[in-house]
Amino acid sequence: MTSTVLARRGALTGAVLISGCLLLSACSGNSSETSAAAGAGAPATVHGAAAQAGRQAVQTAKLAPASQSIIYTASLTVRAANVTAAAQRAIGIVVAVGGYTADEQATSETHGPAGRMVSLTLKIPVPSYQAVLAQLSSPALGKQISMRQQATDVTQQVADVNSLVTSQEDAIAALQGLLRHAASVPGLLQVQQQISADSSTLNSLLAQQRALDHETAYATVTMTLLSSHRAAPRVKPARHNFLTGLAAGWRTFRHATAWVLTALGAALPFLIVIVVLASIGYAGRRRIVRLVRGRAGPTATG
């Protein structure tokens with residue numbers, strides 16, 4: 001938000017206040033001539049007040065403090081042998097200087113401690129930022145993989161918000177003074193509505209002001225702790241001798257025997273059915289042969 005926008009907003013607020021004053025003055029007047037005179041002089045007075053409010057806004061910006069407001073952020077990745085111990089040590093370093101942990105997340109990519117990862121969001125007072133960052137990136141916690149720092153100058157933004165807060169507080173104070181001298185119900189309601197709208201805007205500006213104050217007072221460090229890589233198991237070279245061959249042959253024999261037994265077990269129900277059917281067919285065939293021979297015998301004898 002630029003100073004030109006602030007000046008226009010200040011001018012608009014001044015115009016609204018002056019217009020409210022003129023309306024209340026017109027409502028509380030005793031003669032119609034006085035009301036007409038006030039209405040006729042309103043445009044010139046409003047323009048004059050708007051110009052004066054704009055000059056006051058510019059003057060307020062010039063009187064802003066010369067100190068800078070900087071937001072410091074950093075991102076750090078460290079590989080440690082013991083992720084949990086390194087995370088606790090990093091938190092202890094930050095707490096010792098008056099900081100705190102804003103967020104902490106722990107994940108496990110694989111089973112066991114070798115796959116653990118801890119992500120920390122640390123808030124550090126700005127005066128201790130550089131010293132604490134040096135401790136967090138030291139070999140005492142682990143091997144630093146990457147680090148990125150950033151500094152954002154928000155001096156103008158802080159000055160703009162502070163100026164708007166002051167202007168809004170002055171506007172509300174002026175409206176509250178007019179509220180005590182309101183001479184009519186419409187004027188009273190109009191002033192109350194304006195106070196409500198200005199109060200809502202003021203609360204939003206105060207929230208922005210508190211957020212900026214906190215961000216400029218505490219640096220933010222996002223620290224990722226990774227566990228060390230697990231060493232691959234060594235494969236012993238194969239030894240070729242009689243015992244090795246015997247063991248390999250025995251394993252092959254067991255596997256072959258297991259396959260044969262499995263196949264026999266799977267085929268056994270079918271073999272039983274086939275044998276039963278074959279037996280029935282063979283017995284039926286013998287009976288038929290006997291009947292044929294029995295009939296053929298008496299025929300030949302006769």
# chains A, B, ... in the order shown; residues from 1 in each chain; ligands from 1
$ residues_around --residues "stretch 124-134 of chain A" --least-positions-apart "5" --cutoff "6 Å" --atoms "only C-alpha atoms" --output "PyMOL selection string"
chain A and resi 99+217-219
$ residues_around --residues "A:Asp103" --least-positions-apart "4" --cutoff "8 Å" --atoms "only C-alpha atoms" --output "list in words"
Ser119, Leu120, Thr121 and Leu122 of chain A
$ atom_distance --atom1 "atom CA of A:Ser69" --atom2 "atom CA of A:Gly98"
19.9 Å
$ select_by_dssp --residues "stretch 94-194 of chain A" --states "strand (DSSP E)" --output "PyMOL selection string"
chain A and resi 100-108+116-125+143-153
$ write_last_selection --atoms "N, CA and C atoms" --output "PDB file, in the first residue's frame"
ATOM      1  N   TYR A 100      10.542 -20.466  20.621  1.00  0.00           N
ATOM      2  CA  TYR A 100       9.596 -21.558  20.855  1.00  0.00           C
ATOM      3  C   TYR A 100       9.409 -22.348  19.561  1.00  0.00           C
ATOM      4  N   THR A 101       8.775 -23.502  19.701  1.00  0.00           N
ATOM      5  CA  THR A 101       8.494 -24.369  18.555  1.00  0.00           C
ATOM      6  C   THR A 101       7.066 -24.131  18.086  1.00  0.00           C
ATOM      7  N   ALA A 102       6.910 -23.654  16.857  1.00  0.00           N
ATOM      8  CA  ALA A 102       5.577 -23.391  16.313  1.00  0.00           C
ATOM      9  C   ALA A 102       4.934 -24.645  15.743  1.00  0.00           C
ATOM     10  N   ASP A 103       5.750 -25.597  15.261  1.00  0.00           N
ATOM     11  CA  ASP A 103       5.188 -26.816  14.684  1.00  0.00           C
ATOM     12  C   ASP A 103       6.251 -27.905  14.716  1.00  0.00           C
ATOM     13  N   GLU A 104       5.803 -29.150  14.922  1.00  0.00           N
ATOM     14  CA  GLU A 104       6.710 -30.295  14.937  1.00  0.00           C
ATOM     15  C   GLU A 104       5.981 -31.490  14.348  1.00  0.00           C
ATOM     16  N   GLN A 105       6.605 -32.110  13.334  1.00  0.00           N
ATOM     17  CA  GLN A 105       6.018 -33.271  12.677  1.00  0.00           C
ATOM     18  C   GLN A 105       7.088 -34.334  12.518  1.00  0.00           C
ATOM     19  N   ALA A 106       6.730 -35.572  12.825  1.00  0.00           N
ATOM     20  CA  ALA A 106       7.645 -36.700  12.705  1.00  0.00           C
ATOM     21  C   ALA A 106       7.000 -37.757  11.827  1.00  0.00           C
ATOM     22  N   THR A 107       7.761 -38.256  10.869  1.00  0.00           N
ATOM     23  CA  THR A 107       7.275 -39.299   9.967  1.00  0.00           C
ATOM     24  C   THR A 107       8.305 -40.415   9.903  1.00  0.00           C
ATOM     25  N   SER A 108       7.850 -41.580   9.471  1.00  0.00           N
ATOM     26  CA  SER A 108       8.730 -42.738   9.328  1.00  0.00           C
ATOM     27  C   SER A 108       8.508 -43.318   7.951  1.00  0.00           C
ATOM     28  N   ARG A 116      13.346 -42.435   9.815  1.00  0.00           N
ATOM     29  CA  ARG A 116      12.622 -41.359  10.481  1.00  0.00           C
ATOM     30  C   ARG A 116      13.005 -40.000   9.900  1.00  0.00           C
ATOM     31  N   MET A 117      12.030 -39.071   9.938  1.00  0.00           N
ATOM     32  CA  MET A 117      12.251 -37.694   9.517  1.00  0.00           C
ATOM     33  C   MET A 117      11.443 -36.786  10.435  1.00  0.00           C
ATOM     34  N   VAL A 118      12.066 -35.729  10.929  1.00  0.00           N
ATOM     35  CA  VAL A 118      11.419 -34.769  11.822  1.00  0.00           C
ATOM     36  C   VAL A 118      11.497 -33.391  11.178  1.00  0.00           C
ATOM     37  N   SER A 119      10.353 -32.705  11.111  1.00  0.00           N
ATOM     38  CA  SER A 119      10.284 -31.357  10.563  1.00  0.00           C
ATOM     39  C   SER A 119       9.887 -30.395  11.683  1.00  0.00           C
ATOM     40  N   LEU A 120      10.683 -29.354  11.903  1.00  0.00           N
ATOM     41  CA  LEU A 120      10.452 -28.385  12.971  1.00  0.00           C
ATOM     42  C   LEU A 120      10.274 -26.989  12.376  1.00  0.00           C
ATOM     43  N   THR A 121       9.312 -26.238  12.923  1.00  0.00           N
ATOM     44  CA  THR A 121       9.163 -24.826  12.617  1.00  0.00           C
ATOM     45  C   THR A 121       9.494 -24.048  13.882  1.00  0.00           C
ATOM     46  N   LEU A 122      10.631 -23.373  13.879  1.00  0.00           N
ATOM     47  CA  LEU A 122      11.170 -22.727  15.070  1.00  0.00           C
ATOM     48  C   LEU A 122      11.046 -21.218  14.953  1.00  0.00           C
ATOM     49  N   LYS A 123      10.618 -20.578  16.055  1.00  0.00           N
ATOM     50  CA  LYS A 123      10.519 -19.129  16.145  1.00  0.00           C
ATOM     51  C   LYS A 123      11.644 -18.635  17.061  1.00  0.00           C
ATOM     52  N   ILE A 124      12.505 -17.757  16.512  1.00  0.00           N
ATOM     53  CA  ILE A 124      13.701 -17.309  17.219  1.00  0.00           C
ATOM     54  C   ILE A 124      13.680 -15.796  17.317  1.00  0.00           C
ATOM     55  N   PRO A 125      13.923 -15.215  18.502  1.00  0.00           N
ATOM     56  CA  PRO A 125      14.027 -13.754  18.598  1.00  0.00           C
ATOM     57  C   PRO A 125      15.080 -13.221  17.628  1.00  0.00           C
ATOM     58  N   LYS A 143      25.082 -33.587   9.841  1.00  0.00           N
ATOM     59  CA  LYS A 143      25.679 -33.086   8.609  1.00  0.00           C
ATOM     60  C   LYS A 143      24.680 -32.207   7.863  1.00  0.00           C
ATOM     61  N   GLN A 144      25.083 -30.953   7.614  1.00  0.00           N
ATOM     62  CA  GLN A 144      24.204 -30.027   6.905  1.00  0.00           C
ATOM     63  C   GLN A 144      24.142 -30.395   5.426  1.00  0.00           C
ATOM     64  N   ILE A 145      22.912 -30.553   4.923  1.00  0.00           N
ATOM     65  CA  ILE A 145      22.715 -30.880   3.510  1.00  0.00           C
ATOM     66  C   ILE A 145      22.422 -29.630   2.698  1.00  0.00           C
ATOM     67  N   SER A 146      21.562 -28.768   3.209  1.00  0.00           N
ATOM     68  CA  SER A 146      21.214 -27.539   2.494  1.00  0.00           C
ATOM     69  C   SER A 146      20.748 -26.488   3.485  1.00  0.00           C
ATOM     70  N   MET A 147      20.892 -25.219   3.092  1.00  0.00           N
ATOM     71  CA  MET A 147      20.399 -24.111   3.908  1.00  0.00           C
ATOM     72  C   MET A 147      20.098 -22.931   2.992  1.00  0.00           C
ATOM     73  N   ARG A 148      18.966 -22.316   3.233  1.00  0.00           N
ATOM     74  CA  ARG A 148      18.547 -21.144   2.447  1.00  0.00           C
ATOM     75  C   ARG A 148      18.000 -20.091   3.393  1.00  0.00           C
ATOM     76  N   GLN A 149      18.487 -18.853   3.241  1.00  0.00           N
ATOM     77  CA  GLN A 149      18.040 -17.740   4.081  1.00  0.00           C
ATOM     78  C   GLN A 149      17.371 -16.676   3.216  1.00  0.00           C
ATOM     79  N   GLN A 150      16.437 -15.952   3.834  1.00  0.00           N
ATOM     80  CA  GLN A 150      15.733 -14.879   3.125  1.00  0.00           C
ATOM     81  C   GLN A 150      15.386 -13.775   4.106  1.00  0.00           C
ATOM     82  N   ALA A 151      15.560 -12.526   3.658  1.00  0.00           N
ATOM     83  CA  ALA A 151      15.211 -11.351   4.464  1.00  0.00           C
ATOM     84  C   ALA A 151      14.290 -10.462   3.636  1.00  0.00           C
ATOM     85  N   THR A 152      13.114 -10.154   4.179  1.00  0.00           N
ATOM     86  CA  THR A 152      12.120  -9.336   3.482  1.00  0.00           C
ATOM     87  C   THR A 152      11.918  -8.031   4.234  1.00  0.00           C
ATOM     88  N   ASP A 153      12.115  -6.914   3.546  1.00  0.00           N
ATOM     89  CA  ASP A 153      11.955  -5.595   4.160  1.00  0.00           C
ATOM     90  C   ASP A 153      10.484  -5.189   4.098  1.00  0.00           C
TER      91      ASP A 153
END
$ atom_distance --atom1 "atom CA of A:Gln176" --atom2 "atom CA of A:Ile195"
7.5 Å
$ closest_residue --among "A:Thr220, A:Thr244, A:Gln192, A:Gln68" --to "A:Ala159" --atoms "only C-alpha atoms"
A:Gln68
$ residues_around --residues "stretch 162-171 of chain A" --least-positions-apart "5" --cutoff "7 Å" --atoms "only C-alpha atoms" --output "PyMOL selection string"
chain A and resi 60+198+202+205-206+209
$ closest_residue --among "A:Ala74, A:Leu277, A:Leu212, A:Leu189" --to "A:Thr155" --atoms "only C-alpha atoms"
A:Leu212
$ residues_around --residues "A:Leu136" --least-positions-apart "3" --cutoff "10 Å" --atoms "only C-alpha atoms" --output "VMD selection string"
chain A and resid 76 to 78 86 to 87 89 to 91 93 to 94 130 to 133 139 to 142 144 221 223
$ atom_distance --atom1 "atom CA of A:Thr73" --atom2 "atom CA of A:Ser204"
24.8 Å
$ residues_around --residues "A:Ala80" --least-positions-apart "2" --cutoff "6 Å" --atoms "only C-alpha atoms" --output "count of residues only"
5
$ decode --residues "stretch 141-289 of chain A" --atoms "C-alpha atoms" --output "compact mmCIF listing (two decimals), in the first residue's frame"
# COMPACT_ATOMS: atom_id res chain seq x y z
CA LEU A 141 23.57 -31.78 15.37
CA GLY A 142 24.51 -33.58 12.16
CA LYS A 143 25.68 -33.09 8.61
CA GLN A 144 24.20 -30.03 6.91
CA ILE A 145 22.72 -30.88 3.51
CA SER A 146 21.21 -27.54 2.49
CA MET A 147 20.40 -24.11 3.91
CA ARG A 148 18.55 -21.14 2.45
CA GLN A 149 18.04 -17.74 4.08
CA GLN A 150 15.73 -14.88 3.12
CA ALA A 151 15.21 -11.35 4.46
CA THR A 152 12.12 -9.34 3.48
CA ASP A 153 11.95 -5.59 4.16
CA VAL A 154 8.43 -4.68 5.34
CA THR A 155 9.29 -1.23 6.71
CA GLN A 156 6.88 0.54 4.37
CA GLN A 157 4.10 -1.95 5.07
CA VAL A 158 4.54 -1.53 8.83
CA ALA A 159 4.49 2.26 8.49
CA ASP A 160 1.36 2.14 6.33
CA VAL A 161 -0.53 -0.08 8.78
CA ASN A 162 0.53 2.03 11.77
CA SER A 163 -0.60 5.20 10.01
CA LEU A 164 -3.96 3.68 9.13
CA VAL A 165 -4.45 2.50 12.72
CA THR A 166 -3.76 6.00 14.05
CA SER A 167 -6.09 7.63 11.51
CA GLN A 168 -8.86 5.17 12.25
CA GLU A 169 -8.55 5.67 16.02
CA ASP A 170 -8.71 9.45 15.56
CA ALA A 171 -11.77 9.10 13.33
CA ILE A 172 -13.58 6.94 15.88
CA ALA A 173 -12.71 9.37 18.69
CA ALA A 174 -14.10 12.28 16.65
CA LEU A 175 -17.29 10.38 15.86
CA GLN A 176 -17.79 9.50 19.52
CA GLY A 177 -17.52 13.22 20.33
CA LEU A 178 -20.16 13.99 17.72
CA LEU A 179 -22.37 11.25 19.15
CA ARG A 180 -22.72 13.14 22.42
CA HIS A 181 -23.95 16.25 20.60
CA ALA A 182 -26.36 14.59 18.19
CA ALA A 183 -29.61 16.53 18.15
CA SER A 184 -31.79 14.16 16.14
CA VAL A 185 -32.43 10.44 15.86
CA PRO A 186 -31.34 10.19 12.18
CA GLY A 187 -28.07 11.95 12.98
CA LEU A 188 -27.52 9.70 15.98
CA LEU A 189 -28.07 6.55 13.90
CA GLN A 190 -25.80 7.79 11.14
CA VAL A 191 -22.94 8.44 13.55
CA GLN A 192 -23.42 5.07 15.25
CA GLN A 193 -23.32 3.26 11.91
CA GLN A 194 -20.12 5.08 10.96
CA ILE A 195 -18.54 4.20 14.32
CA SER A 196 -19.45 0.53 13.83
CA ALA A 197 -17.93 0.44 10.34
CA ASP A 198 -14.77 2.22 11.49
CA SER A 199 -14.42 -0.10 14.49
CA SER A 200 -14.55 -3.16 12.23
CA THR A 201 -11.86 -1.67 9.99
CA LEU A 202 -9.77 -0.78 13.03
CA ASN A 203 -9.92 -4.36 14.37
CA SER A 204 -8.70 -5.69 11.04
CA LEU A 205 -5.84 -3.18 10.98
CA LEU A 206 -4.88 -4.04 14.57
CA ALA A 207 -4.73 -7.73 13.65
CA GLN A 208 -2.41 -6.90 10.74
CA GLN A 209 -0.31 -4.75 13.05
CA ARG A 210 0.06 -7.54 15.62
CA ALA A 211 0.97 -10.06 12.92
CA LEU A 212 3.65 -7.78 11.48
CA ASP A 213 5.05 -7.04 14.93
CA HIS A 214 5.34 -10.75 15.65
CA GLU A 215 6.89 -11.59 12.29
CA THR A 216 9.49 -8.85 12.64
CA ALA A 217 10.25 -9.75 16.26
CA TYR A 218 10.73 -13.51 15.64
CA ALA A 219 12.66 -15.12 12.80
CA THR A 220 11.20 -18.32 11.35
CA VAL A 221 13.47 -21.32 10.75
CA THR A 222 12.10 -24.46 9.11
CA MET A 223 14.41 -27.34 10.02
CA THR A 224 14.22 -30.82 8.50
CA LEU A 225 16.14 -33.62 10.21
CA LEU A 226 16.79 -36.77 8.20
CA SER A 227 18.21 -40.04 9.48
CA SER A 228 21.47 -41.43 8.14
CA HIS A 229 21.38 -43.91 5.29
CA ARG A 230 21.34 -47.54 6.37
CA ALA A 231 24.42 -49.44 5.15
CA ALA A 232 23.64 -52.23 2.69
CA PRO A 233 24.34 -55.71 4.08
CA ARG A 234 27.47 -57.35 2.74
CA VAL A 235 26.90 -60.43 0.57
CA LYS A 236 29.32 -63.24 1.33
CA PRO A 237 30.98 -64.73 -1.74
CA ALA A 238 29.71 -68.19 -2.68
CA ARG A 239 31.99 -71.12 -1.98
CA HIS A 240 32.08 -74.01 -4.48
CA ASN A 241 33.00 -77.41 -2.93
CA PHE A 242 31.55 -80.89 -2.29
CA LEU A 243 29.46 -79.82 0.70
CA THR A 244 28.03 -76.88 -1.22
CA GLY A 245 27.03 -79.16 -4.09
CA LEU A 246 25.57 -81.75 -1.72
CA ALA A 247 23.50 -79.11 0.04
CA ALA A 248 22.31 -77.73 -3.30
CA GLY A 249 21.40 -81.23 -4.52
CA TRP A 250 19.53 -82.02 -1.32
CA ARG A 251 17.56 -78.79 -1.58
CA THR A 252 16.72 -79.61 -5.20
CA PHE A 253 15.66 -83.16 -4.26
CA ARG A 254 13.40 -81.84 -1.50
CA HIS A 255 11.82 -79.34 -3.85
CA ALA A 256 11.29 -82.02 -6.53
CA THR A 257 9.81 -84.43 -4.00
CA ALA A 258 7.51 -81.75 -2.70
CA TRP A 259 6.33 -80.94 -6.24
CA VAL A 260 5.71 -84.64 -7.02
CA LEU A 261 3.79 -85.20 -3.80
CA THR A 262 1.77 -82.09 -4.42
CA ALA A 263 0.90 -83.27 -7.92
CA LEU A 264 -0.09 -86.72 -6.64
CA GLY A 265 -2.23 -85.19 -3.94
CA ALA A 266 -4.00 -83.02 -6.50
CA ALA A 267 -4.52 -85.97 -8.93
CA LEU A 268 -5.52 -88.58 -6.34
CA PRO A 269 -9.29 -87.72 -6.28
CA PHE A 270 -9.44 -88.01 -10.07
CA LEU A 271 -7.55 -91.34 -10.02
CA ILE A 272 -9.99 -92.80 -7.46
CA VAL A 273 -12.97 -91.82 -9.62
CA ILE A 274 -11.31 -93.29 -12.73
CA VAL A 275 -10.50 -96.59 -10.95
CA VAL A 276 -14.07 -96.91 -9.65
CA LEU A 277 -15.54 -96.24 -13.08
CA ALA A 278 -13.09 -98.66 -14.70
CA SER A 279 -13.98 -101.36 -12.17
CA ILE A 280 -17.71 -100.90 -12.82
CA GLY A 281 -17.12 -101.01 -16.56
CA TYR A 282 -14.96 -104.13 -16.34
CA ALA A 283 -17.54 -105.97 -14.16
CA GLY A 284 -20.33 -105.02 -16.56
CA ARG A 285 -18.32 -106.23 -19.55
CA ARG A 286 -17.65 -109.64 -17.92
CA ARG A 287 -21.35 -110.06 -17.14
CA ILE A 288 -22.32 -109.29 -20.68
CA VAL A 289 -19.77 -111.79 -21.99
